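Dropping structure19.txt in here (compact mmCIF, N, CA and C atoms):
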# COMPACT_ATOMS: atom_id res chain seq x y z
N MET A 821 -16.59 3.90 3.55
CA MET A 821 -16.70 4.36 2.19
C MET A 821 -17.65 3.42 1.44
N ALA A 822 -18.52 4.02 0.70
CA ALA A 822 -19.51 3.25 -0.05
C ALA A 822 -18.86 2.59 -1.26
N GLU A 823 -19.35 1.43 -1.57
CA GLU A 823 -18.87 0.72 -2.75
C GLU A 823 -19.42 1.41 -4.01
N PRO A 824 -18.62 1.45 -5.06
CA PRO A 824 -19.10 2.04 -6.31
C PRO A 824 -20.20 1.17 -6.92
N GLY A 825 -20.99 1.77 -7.80
CA GLY A 825 -22.07 1.05 -8.45
C GLY A 825 -21.56 -0.03 -9.39
N ARG A 826 -22.38 -1.05 -9.58
CA ARG A 826 -22.01 -2.18 -10.45
C ARG A 826 -21.76 -1.72 -11.88
N ASP A 827 -22.55 -0.74 -12.35
CA ASP A 827 -22.35 -0.24 -13.71
C ASP A 827 -20.97 0.38 -13.86
N LEU A 828 -20.56 1.19 -12.89
CA LEU A 828 -19.24 1.81 -12.92
C LEU A 828 -18.14 0.74 -12.92
N LEU A 829 -18.31 -0.29 -12.09
CA LEU A 829 -17.32 -1.36 -12.03
C LEU A 829 -17.26 -2.14 -13.33
N ARG A 830 -18.41 -2.40 -13.95
CA ARG A 830 -18.41 -3.11 -15.23
C ARG A 830 -17.71 -2.28 -16.31
N ARG A 831 -17.95 -0.97 -16.30
CA ARG A 831 -17.28 -0.09 -17.27
C ARG A 831 -15.78 -0.10 -17.03
N PHE A 832 -15.37 -0.10 -15.76
CA PHE A 832 -13.94 -0.17 -15.41
C PHE A 832 -13.33 -1.46 -15.96
N VAL A 833 -13.99 -2.58 -15.71
CA VAL A 833 -13.49 -3.88 -16.18
C VAL A 833 -13.39 -3.89 -17.70
N ASP A 834 -14.31 -3.22 -18.37
CA ASP A 834 -14.30 -3.17 -19.84
C ASP A 834 -13.27 -2.19 -20.40
N GLY A 835 -12.59 -1.44 -19.52
CA GLY A 835 -11.53 -0.55 -19.97
C GLY A 835 -11.92 0.90 -20.17
N ASP A 836 -13.06 1.30 -19.65
CA ASP A 836 -13.52 2.68 -19.78
C ASP A 836 -12.61 3.60 -18.94
N ALA A 837 -11.92 4.52 -19.61
CA ALA A 837 -10.97 5.41 -18.93
C ALA A 837 -11.67 6.34 -17.93
N SER A 838 -12.86 6.81 -18.24
CA SER A 838 -13.55 7.71 -17.31
C SER A 838 -13.99 6.95 -16.05
N ALA A 839 -14.33 5.69 -16.18
CA ALA A 839 -14.68 4.88 -15.00
C ALA A 839 -13.45 4.69 -14.12
N PHE A 840 -12.30 4.43 -14.73
CA PHE A 840 -11.06 4.29 -13.97
C PHE A 840 -10.74 5.59 -13.25
N GLU A 841 -10.88 6.71 -13.94
CA GLU A 841 -10.60 8.02 -13.33
C GLU A 841 -11.53 8.28 -12.15
N THR A 842 -12.79 7.95 -12.29
CA THR A 842 -13.75 8.12 -11.20
C THR A 842 -13.37 7.27 -9.99
N LEU A 843 -13.01 6.03 -10.23
CA LEU A 843 -12.60 5.14 -9.14
C LEU A 843 -11.31 5.64 -8.49
N PHE A 844 -10.38 6.14 -9.29
CA PHE A 844 -9.14 6.70 -8.74
C PHE A 844 -9.44 7.87 -7.82
N ARG A 845 -10.25 8.81 -8.29
CA ARG A 845 -10.58 9.99 -7.47
C ARG A 845 -11.28 9.59 -6.18
N GLU A 846 -12.14 8.59 -6.24
CA GLU A 846 -12.91 8.19 -5.06
C GLU A 846 -12.07 7.38 -4.07
N PHE A 847 -11.23 6.49 -4.56
CA PHE A 847 -10.53 5.55 -3.69
C PHE A 847 -9.09 5.92 -3.35
N SER A 848 -8.47 6.82 -4.10
CA SER A 848 -7.05 7.11 -3.85
C SER A 848 -6.77 7.63 -2.44
N PRO A 849 -7.60 8.49 -1.84
CA PRO A 849 -7.28 8.92 -0.46
C PRO A 849 -7.26 7.75 0.53
N GLU A 850 -8.24 6.86 0.45
CA GLU A 850 -8.30 5.72 1.36
C GLU A 850 -7.13 4.75 1.13
N VAL A 851 -6.83 4.50 -0.14
CA VAL A 851 -5.73 3.59 -0.47
C VAL A 851 -4.41 4.19 -0.01
N TYR A 852 -4.24 5.49 -0.19
CA TYR A 852 -3.01 6.17 0.25
C TYR A 852 -2.84 6.03 1.76
N ARG A 853 -3.89 6.27 2.52
CA ARG A 853 -3.81 6.13 3.99
C ARG A 853 -3.44 4.70 4.38
N TRP A 854 -4.01 3.73 3.69
CA TRP A 854 -3.70 2.32 3.95
C TRP A 854 -2.21 2.06 3.74
N ILE A 855 -1.68 2.56 2.63
CA ILE A 855 -0.27 2.33 2.30
C ILE A 855 0.64 3.04 3.30
N VAL A 856 0.30 4.25 3.68
CA VAL A 856 1.12 5.00 4.65
C VAL A 856 1.23 4.22 5.95
N ARG A 857 0.15 3.59 6.38
CA ARG A 857 0.20 2.78 7.60
C ARG A 857 1.22 1.66 7.49
N ILE A 858 1.40 1.16 6.29
CA ILE A 858 2.31 0.04 6.09
C ILE A 858 3.75 0.50 5.92
N VAL A 859 3.99 1.44 5.00
CA VAL A 859 5.36 1.81 4.68
C VAL A 859 5.93 2.90 5.58
N ARG A 860 5.06 3.65 6.26
CA ARG A 860 5.49 4.68 7.22
C ARG A 860 6.36 5.76 6.58
N ASP A 861 6.16 6.03 5.30
CA ASP A 861 6.93 7.05 4.59
C ASP A 861 6.03 7.61 3.49
N ARG A 862 5.75 8.91 3.57
CA ARG A 862 4.80 9.52 2.63
C ARG A 862 5.28 9.45 1.17
N GLY A 863 6.55 9.67 0.94
CA GLY A 863 7.08 9.59 -0.43
C GLY A 863 6.96 8.19 -1.00
N ALA A 864 7.32 7.21 -0.19
CA ALA A 864 7.20 5.82 -0.62
C ALA A 864 5.74 5.45 -0.83
N ALA A 865 4.86 6.00 0.01
CA ALA A 865 3.44 5.72 -0.12
C ALA A 865 2.88 6.29 -1.43
N GLU A 866 3.36 7.46 -1.82
CA GLU A 866 2.92 8.03 -3.09
C GLU A 866 3.33 7.14 -4.26
N ASP A 867 4.56 6.65 -4.21
CA ASP A 867 5.03 5.74 -5.26
C ASP A 867 4.19 4.46 -5.28
N ALA A 868 3.92 3.92 -4.11
CA ALA A 868 3.13 2.68 -4.02
C ALA A 868 1.68 2.92 -4.46
N LEU A 869 1.16 4.11 -4.21
CA LEU A 869 -0.20 4.44 -4.63
C LEU A 869 -0.30 4.40 -6.16
N VAL A 870 0.66 5.02 -6.83
CA VAL A 870 0.67 5.00 -8.29
C VAL A 870 0.78 3.56 -8.80
N GLU A 871 1.68 2.81 -8.18
CA GLU A 871 1.87 1.41 -8.57
C GLU A 871 0.58 0.60 -8.34
N THR A 872 -0.11 0.87 -7.24
CA THR A 872 -1.35 0.16 -6.92
C THR A 872 -2.39 0.37 -8.02
N PHE A 873 -2.61 1.62 -8.40
CA PHE A 873 -3.62 1.89 -9.41
C PHE A 873 -3.18 1.41 -10.80
N TRP A 874 -1.88 1.43 -11.06
CA TRP A 874 -1.38 0.88 -12.31
C TRP A 874 -1.66 -0.62 -12.36
N ARG A 875 -1.40 -1.32 -11.25
CA ARG A 875 -1.67 -2.76 -11.19
C ARG A 875 -3.16 -3.04 -11.32
N ALA A 876 -3.98 -2.21 -10.68
CA ALA A 876 -5.44 -2.40 -10.78
C ALA A 876 -5.89 -2.22 -12.23
N HIS A 877 -5.35 -1.23 -12.89
CA HIS A 877 -5.73 -0.98 -14.28
C HIS A 877 -5.32 -2.16 -15.17
N ARG A 878 -4.09 -2.63 -14.97
CA ARG A 878 -3.62 -3.77 -15.78
C ARG A 878 -4.41 -5.04 -15.48
N GLY A 879 -4.84 -5.22 -14.23
CA GLY A 879 -5.54 -6.44 -13.84
C GLY A 879 -7.04 -6.33 -13.80
N ARG A 880 -7.58 -5.27 -14.39
CA ARG A 880 -9.02 -5.02 -14.29
C ARG A 880 -9.87 -6.15 -14.85
N ALA A 881 -9.39 -6.87 -15.84
CA ALA A 881 -10.17 -7.96 -16.44
C ALA A 881 -10.38 -9.11 -15.45
N ARG A 882 -9.50 -9.21 -14.47
CA ARG A 882 -9.62 -10.28 -13.46
C ARG A 882 -10.54 -9.87 -12.29
N PHE A 883 -10.95 -8.61 -12.24
CA PHE A 883 -11.80 -8.16 -11.14
C PHE A 883 -13.23 -8.63 -11.36
N ASP A 884 -13.82 -9.20 -10.31
CA ASP A 884 -15.22 -9.64 -10.33
C ASP A 884 -16.07 -8.48 -9.81
N ALA A 885 -16.85 -7.87 -10.70
CA ALA A 885 -17.63 -6.68 -10.35
C ALA A 885 -18.68 -6.95 -9.28
N SER A 886 -18.93 -8.20 -8.93
CA SER A 886 -19.89 -8.49 -7.86
C SER A 886 -19.21 -8.50 -6.49
N ARG A 887 -17.89 -8.35 -6.46
CA ARG A 887 -17.13 -8.37 -5.20
C ARG A 887 -16.82 -6.95 -4.75
N SER A 888 -16.20 -6.81 -3.60
CA SER A 888 -15.87 -5.51 -3.03
C SER A 888 -14.66 -4.90 -3.74
N PHE A 889 -14.86 -3.74 -4.33
CA PHE A 889 -13.76 -3.04 -4.99
C PHE A 889 -12.75 -2.54 -3.95
N GLY A 890 -13.24 -2.04 -2.83
CA GLY A 890 -12.36 -1.54 -1.77
C GLY A 890 -11.43 -2.62 -1.23
N ALA A 891 -11.96 -3.80 -1.00
CA ALA A 891 -11.14 -4.91 -0.50
C ALA A 891 -10.11 -5.32 -1.55
N TRP A 892 -10.52 -5.34 -2.82
CA TRP A 892 -9.60 -5.69 -3.91
C TRP A 892 -8.45 -4.68 -3.97
N MET A 893 -8.78 -3.39 -3.84
CA MET A 893 -7.75 -2.35 -3.89
C MET A 893 -6.82 -2.43 -2.68
N ARG A 894 -7.35 -2.73 -1.49
CA ARG A 894 -6.49 -2.87 -0.31
C ARG A 894 -5.52 -4.03 -0.49
N ARG A 895 -5.98 -5.10 -1.10
CA ARG A 895 -5.09 -6.24 -1.33
C ARG A 895 -3.97 -5.87 -2.31
N ILE A 896 -4.32 -5.20 -3.39
CA ILE A 896 -3.31 -4.76 -4.35
C ILE A 896 -2.36 -3.77 -3.67
N ALA A 897 -2.91 -2.86 -2.87
CA ALA A 897 -2.09 -1.85 -2.18
C ALA A 897 -1.14 -2.51 -1.19
N THR A 898 -1.60 -3.54 -0.51
CA THR A 898 -0.73 -4.25 0.44
C THR A 898 0.46 -4.88 -0.30
N HIS A 899 0.19 -5.50 -1.44
CA HIS A 899 1.27 -6.09 -2.22
C HIS A 899 2.24 -5.02 -2.73
N ALA A 900 1.71 -3.89 -3.19
CA ALA A 900 2.58 -2.80 -3.66
C ALA A 900 3.41 -2.24 -2.51
N ALA A 901 2.80 -2.14 -1.32
CA ALA A 901 3.53 -1.64 -0.16
C ALA A 901 4.64 -2.61 0.26
N VAL A 902 4.35 -3.90 0.23
CA VAL A 902 5.37 -4.90 0.55
C VAL A 902 6.52 -4.80 -0.44
N ASP A 903 6.21 -4.65 -1.71
CA ASP A 903 7.25 -4.48 -2.71
C ASP A 903 8.07 -3.23 -2.45
N GLN A 904 7.40 -2.16 -2.02
CA GLN A 904 8.09 -0.91 -1.69
C GLN A 904 9.04 -1.13 -0.51
N LEU A 905 8.60 -1.86 0.50
CA LEU A 905 9.45 -2.16 1.65
C LEU A 905 10.66 -3.00 1.24
N LYS A 906 10.44 -3.98 0.38
CA LYS A 906 11.55 -4.82 -0.11
C LYS A 906 12.57 -3.97 -0.85
N GLN A 907 12.08 -3.07 -1.70
CA GLN A 907 12.98 -2.20 -2.45
C GLN A 907 13.76 -1.29 -1.50
N ALA A 908 13.10 -0.76 -0.53
CA ALA A 908 13.78 0.11 0.44
C ALA A 908 14.83 -0.68 1.21
N ARG A 909 14.51 -1.90 1.52
CA ARG A 909 15.46 -2.74 2.25
C ARG A 909 16.70 -3.02 1.40
N ARG A 910 16.48 -3.31 0.11
CA ARG A 910 17.61 -3.52 -0.79
C ARG A 910 18.47 -2.26 -0.89
N GLU A 911 17.82 -1.11 -0.98
CA GLU A 911 18.55 0.15 -1.06
C GLU A 911 19.32 0.43 0.23
N GLN A 912 18.72 0.08 1.36
CA GLN A 912 19.41 0.26 2.63
C GLN A 912 20.69 -0.56 2.68
N ARG A 913 20.59 -1.79 2.24
CA ARG A 913 21.77 -2.65 2.24
C ARG A 913 22.85 -2.10 1.33
N MET A 914 22.46 -1.64 0.17
CA MET A 914 23.43 -1.14 -0.80
C MET A 914 24.06 0.16 -0.33
N GLU A 915 23.30 1.01 0.29
CA GLU A 915 23.80 2.32 0.71
C GLU A 915 24.24 2.35 2.16
N SER A 916 23.96 1.29 2.91
CA SER A 916 24.24 1.25 4.34
C SER A 916 23.63 2.48 5.04
N ALA A 917 22.40 2.79 4.63
CA ALA A 917 21.72 3.98 5.15
C ALA A 917 21.13 3.70 6.53
N ASP A 918 20.74 4.77 7.20
CA ASP A 918 20.07 4.66 8.49
C ASP A 918 18.70 4.03 8.29
N ASP A 919 18.14 3.51 9.37
CA ASP A 919 16.81 2.89 9.32
C ASP A 919 15.79 3.90 8.84
N ARG A 920 14.86 3.44 8.00
CA ARG A 920 13.79 4.31 7.50
C ARG A 920 12.56 4.27 8.40
N LEU A 921 12.61 3.43 9.41
CA LEU A 921 11.47 3.35 10.31
C LEU A 921 11.43 4.57 11.21
N PRO A 922 10.25 4.99 11.61
CA PRO A 922 10.16 6.16 12.49
C PRO A 922 10.80 5.85 13.84
N ALA A 923 11.30 6.88 14.47
CA ALA A 923 11.93 6.72 15.77
C ALA A 923 10.91 6.26 16.79
N SER A 924 11.37 5.43 17.70
CA SER A 924 10.52 4.94 18.76
C SER A 924 10.21 6.07 19.73
N PRO A 925 9.02 6.08 20.31
CA PRO A 925 8.71 7.13 21.28
C PRO A 925 9.43 6.93 22.61
N ALA A 926 10.17 5.85 22.75
CA ALA A 926 10.90 5.60 23.99
C ALA A 926 11.88 6.73 24.25
N SER A 927 12.05 7.10 25.50
CA SER A 927 12.93 8.21 25.84
C SER A 927 14.40 7.82 25.77
N ASP A 928 14.69 6.55 25.88
CA ASP A 928 16.08 6.08 25.84
C ASP A 928 16.50 5.87 24.39
N PRO A 929 17.50 6.62 23.90
CA PRO A 929 17.91 6.47 22.50
C PRO A 929 18.44 5.08 22.17
N ASP A 930 19.04 4.40 23.14
CA ASP A 930 19.53 3.04 22.88
C ASP A 930 18.37 2.08 22.62
N VAL A 931 17.31 2.22 23.40
CA VAL A 931 16.13 1.36 23.21
C VAL A 931 15.51 1.65 21.84
N SER A 932 15.42 2.92 21.49
CA SER A 932 14.87 3.30 20.20
C SER A 932 15.68 2.69 19.07
N ARG A 933 16.99 2.74 19.15
CA ARG A 933 17.87 2.19 18.12
C ARG A 933 17.71 0.68 18.03
N ILE A 934 17.65 0.01 19.18
CA ILE A 934 17.52 -1.45 19.20
C ILE A 934 16.18 -1.88 18.59
N VAL A 935 15.10 -1.19 18.96
CA VAL A 935 13.78 -1.53 18.43
C VAL A 935 13.73 -1.28 16.92
N SER A 936 14.26 -0.14 16.47
CA SER A 936 14.27 0.16 15.04
C SER A 936 15.08 -0.87 14.26
N THR A 937 16.22 -1.26 14.81
CA THR A 937 17.06 -2.26 14.15
C THR A 937 16.35 -3.61 14.09
N ALA A 938 15.70 -3.97 15.19
CA ALA A 938 14.98 -5.25 15.22
C ALA A 938 13.84 -5.26 14.20
N LEU A 939 13.07 -4.16 14.12
CA LEU A 939 11.98 -4.10 13.15
C LEU A 939 12.51 -4.12 11.72
N ALA A 940 13.60 -3.42 11.48
CA ALA A 940 14.17 -3.37 10.13
C ALA A 940 14.71 -4.72 9.70
N SER A 941 15.09 -5.55 10.66
CA SER A 941 15.65 -6.85 10.31
C SER A 941 14.57 -7.89 9.98
N LEU A 942 13.32 -7.57 10.28
CA LEU A 942 12.22 -8.49 9.96
C LEU A 942 11.97 -8.50 8.46
N PRO A 943 11.46 -9.61 7.94
CA PRO A 943 11.03 -9.62 6.54
C PRO A 943 9.90 -8.60 6.35
N PRO A 944 9.73 -8.05 5.16
CA PRO A 944 8.72 -7.01 4.94
C PRO A 944 7.31 -7.38 5.40
N LYS A 945 6.88 -8.62 5.18
CA LYS A 945 5.53 -9.00 5.60
C LYS A 945 5.39 -8.94 7.13
N LEU A 946 6.43 -9.36 7.85
CA LEU A 946 6.37 -9.29 9.31
C LEU A 946 6.50 -7.86 9.80
N GLN A 947 7.20 -7.00 9.05
CA GLN A 947 7.26 -5.59 9.40
C GLN A 947 5.85 -5.00 9.37
N ILE A 948 5.09 -5.36 8.34
CA ILE A 948 3.72 -4.86 8.23
C ILE A 948 2.89 -5.32 9.42
N VAL A 949 2.97 -6.59 9.74
CA VAL A 949 2.20 -7.14 10.86
C VAL A 949 2.59 -6.44 12.16
N ALA A 950 3.90 -6.29 12.40
CA ALA A 950 4.36 -5.66 13.63
C ALA A 950 3.92 -4.22 13.71
N MET A 951 4.07 -3.47 12.62
CA MET A 951 3.69 -2.06 12.64
C MET A 951 2.17 -1.90 12.83
N LEU A 952 1.39 -2.71 12.13
CA LEU A 952 -0.05 -2.60 12.29
C LEU A 952 -0.48 -3.01 13.71
N ALA A 953 0.17 -4.01 14.28
CA ALA A 953 -0.18 -4.43 15.63
C ALA A 953 0.22 -3.36 16.65
N LEU A 954 1.37 -2.77 16.49
CA LEU A 954 1.85 -1.78 17.45
C LEU A 954 1.15 -0.43 17.28
N VAL A 955 0.99 0.00 16.05
CA VAL A 955 0.44 1.33 15.80
C VAL A 955 -1.08 1.31 15.76
N GLU A 956 -1.64 0.37 15.02
CA GLU A 956 -3.08 0.32 14.82
C GLU A 956 -3.81 -0.50 15.88
N GLU A 957 -3.06 -1.26 16.68
CA GLU A 957 -3.60 -2.13 17.71
C GLU A 957 -4.62 -3.09 17.13

This structure in structure tokens:
Amino acid sequence: MAEPGRDLLRRFVDGDASAFETLFREFSPEVYRWIVRIVRDRGAAEDALVETFWRAHRGRARFDASRSFGAWMRRIATHAAVDQLKQARREQRMESADDRLPASPASDPDVSRIVSTALASLPPKLQIVAMLALVEE
């Protein structure tokens, strides 16, 4: 994906709503895919996507328009996804719900349960690393 023009980024930093809307339309599909890879849940990814762009809008004054907007958004999205995983983990504990991780492709249900439990027991940052290493190689 091509980086947006410097003029568009400067307008975004200055608070121009149309510049923000343009950046949202251009980057939201890529940011959404990034978040889905981390949280592995489309509904949670949608929530994290909204949170990501809200954080970007609030923090726009700190963005350096000479740097990569895509990399900045991925970093914000990663933090929003980690927060989403932490929230899900808290909810799991409170509700004693089943694991939210996708089922393992292993044919043995016991192995699948053990792997899912082990992944769910990791801290959110390590969950991201494990999922990206296993799924994205």

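If only C-alpha atoms are the atoms counted, then among A:Leu828, A:Ala822, A:Ile934, A:Ala897 the closest residue to Ser848 of chain A is A:Ala897.
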
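For the pair atom C of Ala881 of chain A and atom C of Phe847 of chain A, the interatomic distance is 19.3 Å.
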
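Distances here use only C-alpha atoms; by that measure, the residue among A:Arg909, A:Arg887, A:Pro824, A:Ser932 closest to Ala839 of chain A is A:Pro824.
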
Choose the residue, out of A:Leu869, A:Asp836, A:Lys906, A:Gln912, that has the smallest atom-to-atom separation from Tyr852 of chain A; count only N, CA and C atoms.
A:Leu869

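Near segment 856-866 of chain A, within 7 Å and counting only N, CA and C atoms, sit Val851, Tyr852, Arg853, Trp854, Ala868, Leu869, Val870, Glu871, Ala901, Gln904, Leu905, Arg920, Leu921, Pro922, Gln947, Ile948, Met951 and Leu952 of chain A, not including residues fewer than 2 positions from it in the same chain.
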
What would the file look like if the residues just selected were written as a tab-separated table (two decimals), keeping the file's coordinate frame with N, CA and C atoms?
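New file part_17.tsv:
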chain	number	residue	atom	x	y	z
A	851	VAL	N	-6.83	4.50	-0.14
A	851	VAL	CA	-5.73	3.59	-0.47
A	851	VAL	C	-4.41	4.19	-0.01
A	852	TYR	N	-4.24	5.49	-0.19
A	852	TYR	CA	-3.01	6.17	0.25
A	852	TYR	C	-2.84	6.03	1.76
A	853	ARG	N	-3.89	6.27	2.52
A	853	ARG	CA	-3.81	6.13	3.99
A	853	ARG	C	-3.44	4.70	4.38
A	854	TRP	N	-4.01	3.73	3.69
A	854	TRP	CA	-3.70	2.32	3.95
A	854	TRP	C	-2.21	2.06	3.74
A	868	ALA	N	3.92	3.92	-4.11
A	868	ALA	CA	3.13	2.68	-4.02
A	868	ALA	C	1.68	2.92	-4.46
A	869	LEU	N	1.16	4.11	-4.21
A	869	LEU	CA	-0.20	4.44	-4.63
A	869	LEU	C	-0.30	4.40	-6.16
A	870	VAL	N	0.66	5.02	-6.83
A	870	VAL	CA	0.67	5.00	-8.29
A	870	VAL	C	0.78	3.56	-8.80
A	871	GLU	N	1.68	2.81	-8.18
A	871	GLU	CA	1.87	1.41	-8.57
A	871	GLU	C	0.58	0.60	-8.34
A	901	ALA	N	2.80	-2.14	-1.32
A	901	ALA	CA	3.53	-1.64	-0.16
A	901	ALA	C	4.64	-2.61	0.26
A	904	GLN	N	7.40	-2.16	-2.02
A	904	GLN	CA	8.09	-0.91	-1.69
A	904	GLN	C	9.04	-1.13	-0.51
A	905	LEU	N	8.60	-1.86	0.50
A	905	LEU	CA	9.45	-2.16	1.65
A	905	LEU	C	10.66	-3.00	1.24
A	920	ARG	N	14.86	3.44	8.00
A	920	ARG	CA	13.79	4.31	7.50
A	920	ARG	C	12.56	4.27	8.40
A	921	LEU	N	12.61	3.43	9.41
A	921	LEU	CA	11.47	3.35	10.31
A	921	LEU	C	11.43	4.57	11.21
A	922	PRO	N	10.25	4.99	11.61
A	922	PRO	CA	10.16	6.16	12.49
A	922	PRO	C	10.80	5.85	13.84
A	947	GLN	N	7.20	-7.00	9.05
A	947	GLN	CA	7.26	-5.59	9.40
A	947	GLN	C	5.85	-5.00	9.37
A	948	ILE	N	5.09	-5.36	8.34
A	948	ILE	CA	3.72	-4.86	8.23
A	948	ILE	C	2.89	-5.32	9.42
A	951	MET	N	4.07	-3.47	12.62
A	951	MET	CA	3.69	-2.06	12.64
A	951	MET	C	2.17	-1.90	12.83
A	952	LEU	N	1.39	-2.71	12.13
A	952	LEU	CA	-0.05	-2.60	12.29
A	952	LEU	C	-0.48	-3.01	13.71

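Here atom CA of Met914 of chain A and atom C of Ala940 of chain A stand 14.1 Å from one another.
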
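Minimum distance to Asp867 of chain A across A:Ala900, A:Ser886, A:Ser941, A:Arg826 (counting all atoms listed in the file) occurs at A:Ala900.
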
Atom CA of Arg882 of chain A to atom CA of Leu843 of chain A measures 16.3 Å

As a PyMOL selection string, which residues of chain A does DSSP assign to helix (DSSP H, G or I)?
chain A and resi 826-833+837-859+862-878+880-882+889-915+929-941+944-956

Nearest to Glu850 of chain A among A:Arg875, A:Arg894, A:Val902, A:Gly825, with distances taken over only C-alpha atoms: which residue is it?
A:Arg894

With distances taken over only C-alpha atoms, the candidate from A:Gly879, A:Ala938, A:Leu829, A:Arg895 nearest Ala950 of chain A is A:Ala938

Could you rebuild segment 886-892 of chain A with all heavy atoms and give it back as a PDB file, in the coordinates of the input?
ATOM      1  N   SER A 886     -18.930  -8.200  -8.930  1.00  0.00           N
ATOM      2  CA  SER A 886     -19.890  -8.490  -7.860  1.00  0.00           C
ATOM      3  C   SER A 886     -19.210  -8.500  -6.490  1.00  0.00           C
ATOM      4  O   SER A 886     -19.875  -8.636  -5.470  1.00  0.00           O
ATOM      5  CB  SER A 886     -20.574  -9.839  -8.122  1.00  0.00           C
ATOM      6  OG  SER A 886     -19.633 -10.895  -7.980  1.00  0.00           O
ATOM      7  N   ARG A 887     -17.890  -8.350  -6.460  1.00  0.00           N
ATOM      8  CA  ARG A 887     -17.130  -8.370  -5.200  1.00  0.00           C
ATOM      9  C   ARG A 887     -16.820  -6.950  -4.750  1.00  0.00           C
ATOM     10  O   ARG A 887     -17.042  -5.985  -5.481  1.00  0.00           O
ATOM     11  CB  ARG A 887     -15.824  -9.161  -5.386  1.00  0.00           C
ATOM     12  CG  ARG A 887     -15.952 -10.485  -6.081  1.00  0.00           C
ATOM     13  CD  ARG A 887     -16.329 -11.698  -5.328  1.00  0.00           C
ATOM     14  NE  ARG A 887     -15.870 -11.954  -4.006  1.00  0.00           N
ATOM     15  CZ  ARG A 887     -15.203 -13.009  -3.651  1.00  0.00           C
ATOM     16  NH1 ARG A 887     -14.801 -13.885  -4.547  1.00  0.00           N
ATOM     17  NH2 ARG A 887     -14.918 -13.222  -2.400  1.00  0.00           N
ATOM     18  N   SER A 888     -16.200  -6.810  -3.600  1.00  0.00           N
ATOM     19  CA  SER A 888     -15.870  -5.510  -3.030  1.00  0.00           C
ATOM     20  C   SER A 888     -14.660  -4.900  -3.740  1.00  0.00           C
ATOM     21  O   SER A 888     -13.559  -5.451  -3.689  1.00  0.00           O
ATOM     22  CB  SER A 888     -15.573  -5.652  -1.538  1.00  0.00           C
ATOM     23  OG  SER A 888     -15.009  -4.459  -1.025  1.00  0.00           O
ATOM     24  N   PHE A 889     -14.860  -3.740  -4.330  1.00  0.00           N
ATOM     25  CA  PHE A 889     -13.760  -3.040  -4.990  1.00  0.00           C
ATOM     26  C   PHE A 889     -12.750  -2.540  -3.950  1.00  0.00           C
ATOM     27  O   PHE A 889     -11.543  -2.623  -4.160  1.00  0.00           O
ATOM     28  CB  PHE A 889     -14.284  -1.872  -5.831  1.00  0.00           C
ATOM     29  CG  PHE A 889     -13.209  -1.148  -6.581  1.00  0.00           C
ATOM     30  CD1 PHE A 889     -12.674  -1.687  -7.742  1.00  0.00           C
ATOM     31  CD2 PHE A 889     -12.726   0.077  -6.133  1.00  0.00           C
ATOM     32  CE1 PHE A 889     -11.675  -1.032  -8.442  1.00  0.00           C
ATOM     33  CE2 PHE A 889     -11.728   0.737  -6.824  1.00  0.00           C
ATOM     34  CZ  PHE A 889     -11.205   0.187  -7.985  1.00  0.00           C
ATOM     35  N   GLY A 890     -13.240  -2.040  -2.830  1.00  0.00           N
ATOM     36  CA  GLY A 890     -12.360  -1.540  -1.770  1.00  0.00           C
ATOM     37  C   GLY A 890     -11.430  -2.620  -1.230  1.00  0.00           C
ATOM     38  O   GLY A 890     -10.233  -2.391  -1.045  1.00  0.00           O
ATOM     39  N   ALA A 891     -11.960  -3.800  -1.000  1.00  0.00           N
ATOM     40  CA  ALA A 891     -11.140  -4.910  -0.500  1.00  0.00           C
ATOM     41  C   ALA A 891     -10.110  -5.320  -1.550  1.00  0.00           C
ATOM     42  O   ALA A 891      -8.954  -5.607  -1.220  1.00  0.00           O
ATOM     43  CB  ALA A 891     -12.019  -6.097  -0.122  1.00  0.00           C
ATOM     44  N   TRP A 892     -10.520  -5.340  -2.820  1.00  0.00           N
ATOM     45  CA  TRP A 892      -9.600  -5.690  -3.910  1.00  0.00           C
ATOM     46  C   TRP A 892      -8.450  -4.680  -3.970  1.00  0.00           C
ATOM     47  O   TRP A 892      -7.290  -5.059  -4.080  1.00  0.00           O
ATOM     48  CB  TRP A 892     -10.376  -5.728  -5.219  1.00  0.00           C
ATOM     49  CG  TRP A 892      -9.620  -6.206  -6.420  1.00  0.00           C
ATOM     50  CD1 TRP A 892      -9.086  -7.453  -6.631  1.00  0.00           C
ATOM     51  CD2 TRP A 892      -9.327  -5.458  -7.599  1.00  0.00           C
ATOM     52  NE1 TRP A 892      -8.487  -7.510  -7.872  1.00  0.00           N
ATOM     53  CE2 TRP A 892      -8.618  -6.300  -8.485  1.00  0.00           C
ATOM     54  CE3 TRP A 892      -9.607  -4.150  -7.993  1.00  0.00           C
ATOM     55  CZ2 TRP A 892      -8.185  -5.888  -9.739  1.00  0.00           C
ATOM     56  CZ3 TRP A 892      -9.184  -3.733  -9.244  1.00  0.00           C
ATOM     57  CH2 TRP A 892      -8.474  -4.589 -10.100  1.00  0.00           C
TER      58      TRP A 892
END
